[in-house]
Amino acid sequence: MMKPKKLAALFVAFTLFSGVTALAEAPYTDLGGLKSRAAIDYLYDNQCLDFAAGKTFAPQQVLTRGDLAQLIYSVALKLPESPLVFSDAPTPKANDAMAAVAAQGILKGYEDGSFHPDEPVTREEFAAVLYRYLKYCGLEEIENHQLPYGDIADVAPENRTAVEYLQRKDLMTTTDNLFRPREGMTRAAAAETIYHMMHSDADYVSHVDVESQVIRALNAEYGSMPAFFQQGTLYWDGDKLVLGFRGSPRMFLKQRLKKDVSRYDVLVFRHVRFARADYDQLMTRAVNCIVSEEGVQNYVGSVPDYKNETIDVIVRRPLADTTVQKLNERIGKGVVRIHDVRTAAMRPQPASPAGETKKVDTDTNKDLSHSPLYDEATNAAVNSVIRDAMK
């Protein structure tokens with residue numbers, strides 16, 4: 001059996017996903033009063049700007065093919081992994097993004113096995129890539145009829161459908177009705193276009209601002225977050241921040257939240273079966289049970305699903321029936337959901353009617369890569385752990 005200290009370290013490593021996820025504000029120092037600042041903050045807040053590391057965003061710098069691949073890959077969430085390896089990929093992480101978009105025909109590589117990640121992207125090339133991504137997602141018909149761009153004849157014939165579609169969808173409109181297809185697509189313009197694609201109602205909810213305000217209110221009422229987590233949970237479900245209470249909230253909490261939280265309308269109050277501290281205990285008991293019954297080699301990780309009040313446990317091979325029975329006895333039937341890496345690796349990936357490839361749970365016939373059972377954070381955590389274990 002694994003030594004207690006080593007087991008504790010392993011547990012901590014794989015439960016980092018379970019924390020209150022406070023996304024940092026964009027740290028870029030060169031945005032100033034930029035018109036697209038809200039878009040850049042939104043994308044950074046949602047971890048879509050991996051290509052812009054450091055303290056500067058360089059908003060007027062022309063986007064490169066590598067930047068665009070990482071941007072689409074981060075936004076997409078559902079692109080399947082691909083075994084493609086490009087000879088000029090700067091990092092393995094960048095290659096993952098380039099391989100995924102290339103495999104789906106969104107932004108292809110070259111016949112010689114290269115991707116040319118440093119090559120600048122023009123406005124019409126960006127439009128074509130975004131159009132192919134929208135086709136991958138299942139395009140909606142647009143009835144918005146507009147006068148064509150005055151320079152539509154300058155757009156390459158193979159890109160005109162994309163440019164016209166994005167214009168009708170109000171994604172790449174201009175004030176002077178000129179598209180300027182051969183100009184470079186700047187990072188700022190790309191961020192603004194992607195932002196409007198993701199969040200067209202412009203009702204941006206800053207997770208970091210709202211969560212910071214809520215945490216301050218909880219600290220004031222409960223004394224500390226650990227004290228609150230003995231009684232409740234806090235997690236994002238899309239753009240709704242859910243406050244779960246095992247009992248009743250403190251008498252003046254809602255009054256304080258109404259006063260101190262700028263977007264009180266995004267808060268959801270819920271009665272829950274488990275507090276945050278309970279999940280920590282449940283995961284510890286699940287780890288101990290699996291390791292004691294099957295050895296540490298079969299355990300990969302565990303993630304709490306606050307929304308559905310379950311624990312996801314990832315293992316390398318299917319658990320023995322006796323182990324499952326002991327988990328049910330020690331933790332509660334239906335509380336633990338098991339994912340095994342071996343089944344995930346062998347699982348077929350059928351294409352949907354729209355041509356999208358999905359990972360399907362053969363037991364429930366539900367898409368695991370974006371299951372309606374989970375919030376996005378849980379999906380991302382489970383899939384990330386499984387992918388890492390399969391490498």
# chains A, B, ... in the order shown; residues from 1 in each chain; ligands from 1
>>> residues_around(residues="A:Leu319", least_positions_apart="4", cutoff="12 Å", atoms="only C-alpha atoms", output="ChimeraX atom specification")
/A:289-291,293-295,298-299,313-315,323-327,337-343
>>> select_by_dssp(residues="stretch 80-148 of chain A", states="alpha helix (DSSP H)", output="PyMOL selection string")
chain A and resi 92-103+123-137
>>> write_last_selection(atoms="N, CA, C and O atoms", output="tab-separated table (two decimals), in the first residue's frame")
chain	number	residue	atom	x	y	z
A	92	PRO	N	4.86	21.22	-27.63
A	92	PRO	CA	3.85	20.15	-27.70
A	92	PRO	C	2.43	20.69	-27.54
A	92	PRO	O	1.50	20.22	-28.21
A	93	LYS	N	2.25	21.68	-26.66
A	93	LYS	CA	0.92	22.25	-26.45
A	93	LYS	C	0.42	22.96	-27.71
A	93	LYS	O	-0.75	22.83	-28.09
A	94	ALA	N	1.32	23.69	-28.37
A	94	ALA	CA	0.94	24.36	-29.62
A	94	ALA	C	0.61	23.33	-30.69
A	94	ALA	O	-0.31	23.51	-31.48
A	95	ASN	N	1.36	22.22	-30.71
A	95	ASN	CA	1.10	21.17	-31.68
A	95	ASN	C	-0.28	20.56	-31.47
A	95	ASN	O	-0.98	20.23	-32.43
A	96	ASP	N	-0.69	20.39	-30.20
A	96	ASP	CA	-2.02	19.85	-29.92
A	96	ASP	C	-3.10	20.70	-30.58
A	96	ASP	O	-4.04	20.18	-31.18
A	97	ALA	N	-2.95	22.02	-30.47
A	97	ALA	CA	-3.92	22.94	-31.06
A	97	ALA	C	-3.89	22.86	-32.59
A	97	ALA	O	-4.93	22.76	-33.25
A	98	MET	N	-2.67	22.91	-33.16
A	98	MET	CA	-2.54	22.88	-34.61
A	98	MET	C	-3.06	21.56	-35.18
A	98	MET	O	-3.73	21.53	-36.21
A	99	ALA	N	-2.75	20.47	-34.50
A	99	ALA	CA	-3.19	19.15	-34.97
A	99	ALA	C	-4.71	19.04	-34.94
A	99	ALA	O	-5.33	18.48	-35.86
A	100	ALA	N	-5.32	19.55	-33.87
A	100	ALA	CA	-6.78	19.44	-33.72
A	100	ALA	C	-7.51	20.22	-34.81
A	100	ALA	O	-8.45	19.71	-35.42
A	101	VAL	N	-7.09	21.47	-35.06
A	101	VAL	CA	-7.78	22.27	-36.08
A	101	VAL	C	-7.49	21.75	-37.48
A	101	VAL	O	-8.34	21.80	-38.37
A	102	ALA	N	-6.28	21.22	-37.69
A	102	ALA	CA	-5.93	20.67	-39.01
A	102	ALA	C	-6.72	19.41	-39.30
A	102	ALA	O	-7.21	19.20	-40.43
A	103	ALA	N	-6.88	18.54	-38.30
A	103	ALA	CA	-7.59	17.27	-38.48
A	103	ALA	C	-9.04	17.50	-38.87
A	103	ALA	O	-9.64	16.68	-39.59
A	123	ARG	N	-7.09	39.20	-43.31
A	123	ARG	CA	-8.48	39.27	-42.87
A	123	ARG	C	-9.35	38.23	-43.58
A	123	ARG	O	-10.21	37.61	-42.98
A	124	GLU	N	-9.12	38.03	-44.87
A	124	GLU	CA	-9.94	37.04	-45.57
A	124	GLU	C	-9.57	35.62	-45.15
A	124	GLU	O	-10.44	34.75	-45.09
A	125	GLU	N	-8.31	35.37	-44.84
A	125	GLU	CA	-7.93	34.05	-44.34
A	125	GLU	C	-8.55	33.77	-42.98
A	125	GLU	O	-9.03	32.66	-42.71
A	126	PHE	N	-8.56	34.80	-42.13
A	126	PHE	CA	-9.21	34.66	-40.83
A	126	PHE	C	-10.70	34.36	-41.01
A	126	PHE	O	-11.26	33.49	-40.34
A	127	ALA	N	-11.35	35.08	-41.91
A	127	ALA	CA	-12.77	34.86	-42.18
A	127	ALA	C	-13.03	33.43	-42.64
A	127	ALA	O	-13.98	32.78	-42.21
A	128	ALA	N	-12.16	32.92	-43.52
A	128	ALA	CA	-12.33	31.56	-44.03
A	128	ALA	C	-12.19	30.53	-42.92
A	128	ALA	O	-12.95	29.56	-42.85
A	129	VAL	N	-11.21	30.73	-42.03
A	129	VAL	CA	-11.01	29.80	-40.91
A	129	VAL	C	-12.20	29.84	-39.96
A	129	VAL	O	-12.72	28.79	-39.55
A	130	LEU	N	-12.67	31.03	-39.63
A	130	LEU	CA	-13.80	31.15	-38.72
A	130	LEU	C	-15.06	30.54	-39.34
A	130	LEU	O	-15.85	29.89	-38.65
A	131	TYR	N	-15.23	30.73	-40.64
A	131	TYR	CA	-16.38	30.15	-41.35
A	131	TYR	C	-16.32	28.63	-41.29
A	131	TYR	O	-17.34	27.96	-41.04
A	132	ARG	N	-15.14	28.06	-41.50
A	132	ARG	CA	-15.02	26.60	-41.44
A	132	ARG	C	-15.27	26.08	-40.02
A	132	ARG	O	-15.85	25.00	-39.83
A	133	TYR	N	-14.86	26.86	-39.02
A	133	TYR	CA	-15.15	26.46	-37.64
A	133	TYR	C	-16.66	26.49	-37.38
A	133	TYR	O	-17.22	25.58	-36.76
A	134	LEU	N	-17.33	27.53	-37.87
A	134	LEU	CA	-18.78	27.61	-37.69
A	134	LEU	C	-19.49	26.48	-38.44
A	134	LEU	O	-20.51	25.95	-37.97
A	135	LYS	N	-18.96	26.10	-39.60
A	135	LYS	CA	-19.52	24.95	-40.31
A	135	LYS	C	-19.34	23.68	-39.50
A	135	LYS	O	-20.22	22.82	-39.44
A	136	TYR	N	-18.18	23.54	-38.88
A	136	TYR	CA	-17.91	22.38	-38.02
A	136	TYR	C	-18.94	22.32	-36.88
A	136	TYR	O	-19.40	21.25	-36.50
A	137	CYS	N	-19.31	23.48	-36.36
A	137	CYS	CA	-20.28	23.54	-35.26
A	137	CYS	C	-21.72	23.39	-35.74
A	137	CYS	O	-22.61	23.14	-34.93
>>> closest_atom_pairs(of="stretch 190-247 of chain A", to="stretch 262-280 of chain A", cutoff="12 Å", atoms="only C-alpha atoms", output="Markdown table")
| residue | atom | partner | partner_atom | distance |
| --- | --- | --- | --- | --- |
| A:Asp203 | CA | A:Arg263 | CA | 10.8 |
| A:Tyr204 | CA | A:Arg263 | CA | 10.4 |
| A:Val205 | CA | A:Arg263 | CA | 7.7 |
| A:Ser206 | CA | A:Arg263 | CA | 9.0 |
| A:His207 | CA | A:Arg263 | CA | 10.0 |
| A:Val208 | CA | A:Arg263 | CA | 11.6 |
| A:Asp209 | CA | A:Ser262 | CA | 8.4 |
| A:Val210 | CA | A:Arg263 | CA | 6.6 |
| A:Glu211 | CA | A:Leu267 | CA | 9.8 |
| A:Ser212 | CA | A:Ser262 | CA | 10.7 |
| A:Gln213 | CA | A:Ser262 | CA | 7.9 |
| A:Val214 | CA | A:Leu267 | CA | 9.2 |
| A:Ala217 | CA | A:Tyr264 | CA | 12.0 |
| A:Met225 | CA | A:Arg276 | CA | 10.2 |
| A:Pro226 | CA | A:Ala277 | CA | 8.2 |
| A:Ala227 | CA | A:Ala277 | CA | 9.4 |
| A:Phe228 | CA | A:Arg276 | CA | 8.5 |
| A:Phe229 | CA | A:Arg276 | CA | 4.9 |
| A:Gln230 | CA | A:Ala277 | CA | 5.3 |
| A:Gln231 | CA | A:Ala275 | CA | 5.1 |
| A:Gly232 | CA | A:Ala275 | CA | 4.2 |
| A:Thr233 | CA | A:Arg276 | CA | 5.0 |
| A:Leu234 | CA | A:Arg276 | CA | 7.9 |
| A:Tyr235 | CA | A:Arg276 | CA | 10.0 |
| A:Trp236 | CA | A:Leu267 | CA | 9.4 |
| A:Asp237 | CA | A:Val268 | CA | 9.4 |
| A:Gly238 | CA | A:Val266 | CA | 9.9 |
| A:Asp239 | CA | A:Val266 | CA | 6.8 |
| A:Lys240 | CA | A:Val266 | CA | 4.9 |
| A:Leu241 | CA | A:Leu267 | CA | 4.9 |
| A:Val242 | CA | A:Val268 | CA | 4.6 |
| A:Leu243 | CA | A:Phe269 | CA | 5.0 |
| A:Gly244 | CA | A:Arg270 | CA | 4.6 |
| A:Phe245 | CA | A:His271 | CA | 5.0 |
| A:Arg246 | CA | A:Val272 | CA | 4.9 |
| A:Gly247 | CA | A:His271 | CA | 7.0 |
>>> residues_around(residues="A:Pro181", least_positions_apart="6", cutoff="12 Å", atoms="only C-alpha atoms", output="list of chain:residue names")
A:Val121, A:Thr122, A:Arg123, A:Glu124, A:Glu125, A:Phe126, A:Ala127, A:Ala128, A:Tyr149, A:Gly150, A:Asp151, A:Ile152, A:Ala153, A:Asp154, A:Val155, A:Ala156, A:Pro157, A:Asn159, A:Arg160, A:Ala162, A:Val163, A:Glu164, A:Met172, A:Thr174
>>> write_last_selection(atoms="N, CA, C and O atoms", output="mmCIF file, in the first residue's frame")
data_model
loop_
_atom_site.group_PDB
_atom_site.id
_atom_site.type_symbol
_atom_site.label_atom_id
_atom_site.label_comp_id
_atom_site.auth_asym_id
_atom_site.auth_seq_id
_atom_site.Cartn_x
_atom_site.Cartn_y
_atom_site.Cartn_z
ATOM 1 N N VAL A 121 -1.678 36.091 -40.797
ATOM 2 C CA VAL A 121 -3.007 35.757 -41.315
ATOM 3 C C VAL A 121 -3.678 37.029 -41.820
ATOM 4 O O VAL A 121 -3.729 38.036 -41.108
ATOM 5 N N THR A 122 -4.195 37.001 -43.037
ATOM 6 C CA THR A 122 -4.932 38.149 -43.571
ATOM 7 C C THR A 122 -6.380 38.104 -43.076
ATOM 8 O O THR A 122 -6.857 37.087 -42.557
ATOM 9 N N ARG A 123 -7.088 39.198 -43.305
ATOM 10 C CA ARG A 123 -8.484 39.275 -42.866
ATOM 11 C C ARG A 123 -9.349 38.233 -43.584
ATOM 12 O O ARG A 123 -10.210 37.614 -42.977
ATOM 13 N N GLU A 124 -9.116 38.027 -44.871
ATOM 14 C CA GLU A 124 -9.938 37.044 -45.572
ATOM 15 C C GLU A 124 -9.570 35.618 -45.154
ATOM 16 O O GLU A 124 -10.444 34.746 -45.088
ATOM 17 N N GLU A 125 -8.313 35.373 -44.836
ATOM 18 C CA GLU A 125 -7.926 34.050 -44.336
ATOM 19 C C GLU A 125 -8.555 33.775 -42.978
ATOM 20 O O GLU A 125 -9.035 32.665 -42.713
ATOM 21 N N PHE A 126 -8.564 34.804 -42.128
ATOM 22 C CA PHE A 126 -9.213 34.663 -40.827
ATOM 23 C C PHE A 126 -10.699 34.358 -41.013
ATOM 24 O O PHE A 126 -11.260 33.486 -40.341
ATOM 25 N N ALA A 127 -11.349 35.081 -41.914
ATOM 26 C CA ALA A 127 -12.769 34.861 -42.178
ATOM 27 C C ALA A 127 -13.028 33.434 -42.642
ATOM 28 O O ALA A 127 -13.984 32.785 -42.212
ATOM 29 N N ALA A 128 -12.158 32.921 -43.517
ATOM 30 C CA ALA A 128 -12.335 31.564 -44.029
ATOM 31 C C ALA A 128 -12.190 30.528 -42.916
ATOM 32 O O ALA A 128 -12.952 29.561 -42.852
ATOM 33 N N TYR A 149 -19.797 44.176 -49.415
ATOM 34 C CA TYR A 149 -18.662 45.075 -49.239
ATOM 35 C C TYR A 149 -18.304 45.713 -50.579
ATOM 36 O O TYR A 149 -18.380 45.074 -51.637
ATOM 37 N N GLY A 150 -17.880 46.968 -50.509
ATOM 38 C CA GLY A 150 -17.513 47.670 -51.737
ATOM 39 C C GLY A 150 -16.320 47.043 -52.426
ATOM 40 O O GLY A 150 -16.138 47.206 -53.639
ATOM 41 N N ASP A 151 -15.489 46.320 -51.673
ATOM 42 C CA ASP A 151 -14.310 45.688 -52.271
ATOM 43 C C ASP A 151 -14.435 44.165 -52.274
ATOM 44 O O ASP A 151 -13.425 43.462 -52.238
ATOM 45 N N ILE A 152 -15.667 43.656 -52.332
ATOM 46 C CA ILE A 152 -15.862 42.205 -52.306
ATOM 47 C C ILE A 152 -15.170 41.534 -53.484
ATOM 48 O O ILE A 152 -14.727 40.376 -53.395
ATOM 49 N N ALA A 153 -15.003 42.253 -54.590
ATOM 50 C CA ALA A 153 -14.325 41.684 -55.758
ATOM 51 C C ALA A 153 -12.854 41.414 -55.469
ATOM 52 O O ALA A 153 -12.220 40.589 -56.156
ATOM 53 N N ASP A 154 -12.291 42.070 -54.453
ATOM 54 C CA ASP A 154 -10.888 41.856 -54.106
ATOM 55 C C ASP A 154 -10.679 40.620 -53.246
ATOM 56 O O ASP A 154 -9.536 40.193 -53.020
ATOM 57 N N VAL A 155 -11.785 40.060 -52.745
ATOM 58 C CA VAL A 155 -11.696 38.843 -51.933
ATOM 59 C C VAL A 155 -11.502 37.640 -52.854
ATOM 60 O O VAL A 155 -12.173 37.530 -53.888
ATOM 61 N N ALA A 156 -10.581 36.750 -52.502
ATOM 62 C CA ALA A 156 -10.346 35.557 -53.314
ATOM 63 C C ALA A 156 -11.651 34.782 -53.459
ATOM 64 O O ALA A 156 -12.412 34.672 -52.486
ATOM 65 N N PRO A 157 -11.945 34.266 -54.656
ATOM 66 C CA PRO A 157 -13.217 33.574 -54.887
ATOM 67 C C PRO A 157 -13.515 32.483 -53.859
ATOM 68 O O PRO A 157 -14.672 32.334 -53.426
ATOM 69 N N ASN A 159 -12.864 32.467 -50.826
ATOM 70 C CA ASN A 159 -13.152 33.005 -49.493
ATOM 71 C C ASN A 159 -14.398 33.885 -49.446
ATOM 72 O O ASN A 159 -14.785 34.352 -48.371
ATOM 73 N N ARG A 160 -15.027 34.116 -50.593
ATOM 74 C CA ARG A 160 -16.141 35.066 -50.629
ATOM 75 C C ARG A 160 -17.345 34.588 -49.824
ATOM 76 O O ARG A 160 -17.987 35.385 -49.126
ATOM 77 N N ALA A 162 -17.358 32.816 -47.176
ATOM 78 C CA ALA A 162 -17.051 33.014 -45.761
ATOM 79 C C ALA A 162 -17.209 34.481 -45.371
ATOM 80 O O ALA A 162 -17.838 34.803 -44.357
ATOM 81 N N VAL A 163 -16.644 35.384 -46.168
ATOM 82 C CA VAL A 163 -16.714 36.808 -45.864
ATOM 83 C C VAL A 163 -18.164 37.283 -45.860
ATOM 84 O O VAL A 163 -18.596 38.016 -44.954
ATOM 85 N N GLU A 164 -18.940 36.864 -46.846
ATOM 86 C CA GLU A 164 -20.339 37.283 -46.934
ATOM 87 C C GLU A 164 -21.150 36.741 -45.755
ATOM 88 O O GLU A 164 -22.009 37.443 -45.201
ATOM 89 N N MET A 172 -17.930 40.545 -38.832
ATOM 90 C CA MET A 172 -16.779 41.272 -39.373
ATOM 91 C C MET A 172 -17.260 42.477 -40.171
ATOM 92 O O MET A 172 -16.878 42.677 -41.323
ATOM 93 N N THR A 174 -17.684 46.563 -41.001
ATOM 94 C CA THR A 174 -16.806 47.735 -40.965
ATOM 95 C C THR A 174 -17.654 48.994 -41.123
ATOM 96 O O THR A 174 -18.772 48.948 -41.662
#
>>> atom_distance(atom1="atom CA of A:Phe51", atom2="atom CA of A:Leu166")
24.0 Å
>>> closest_residue(among="A:Tyr28, A:Leu257, A:Arg316, A:Ala69", to="A:Ala52", atoms="only C-alpha atoms")
A:Tyr28
>>> atom_distance(atom1="atom CA of A:Ile142", atom2="atom CA of A:Arg180")
22.6 Å
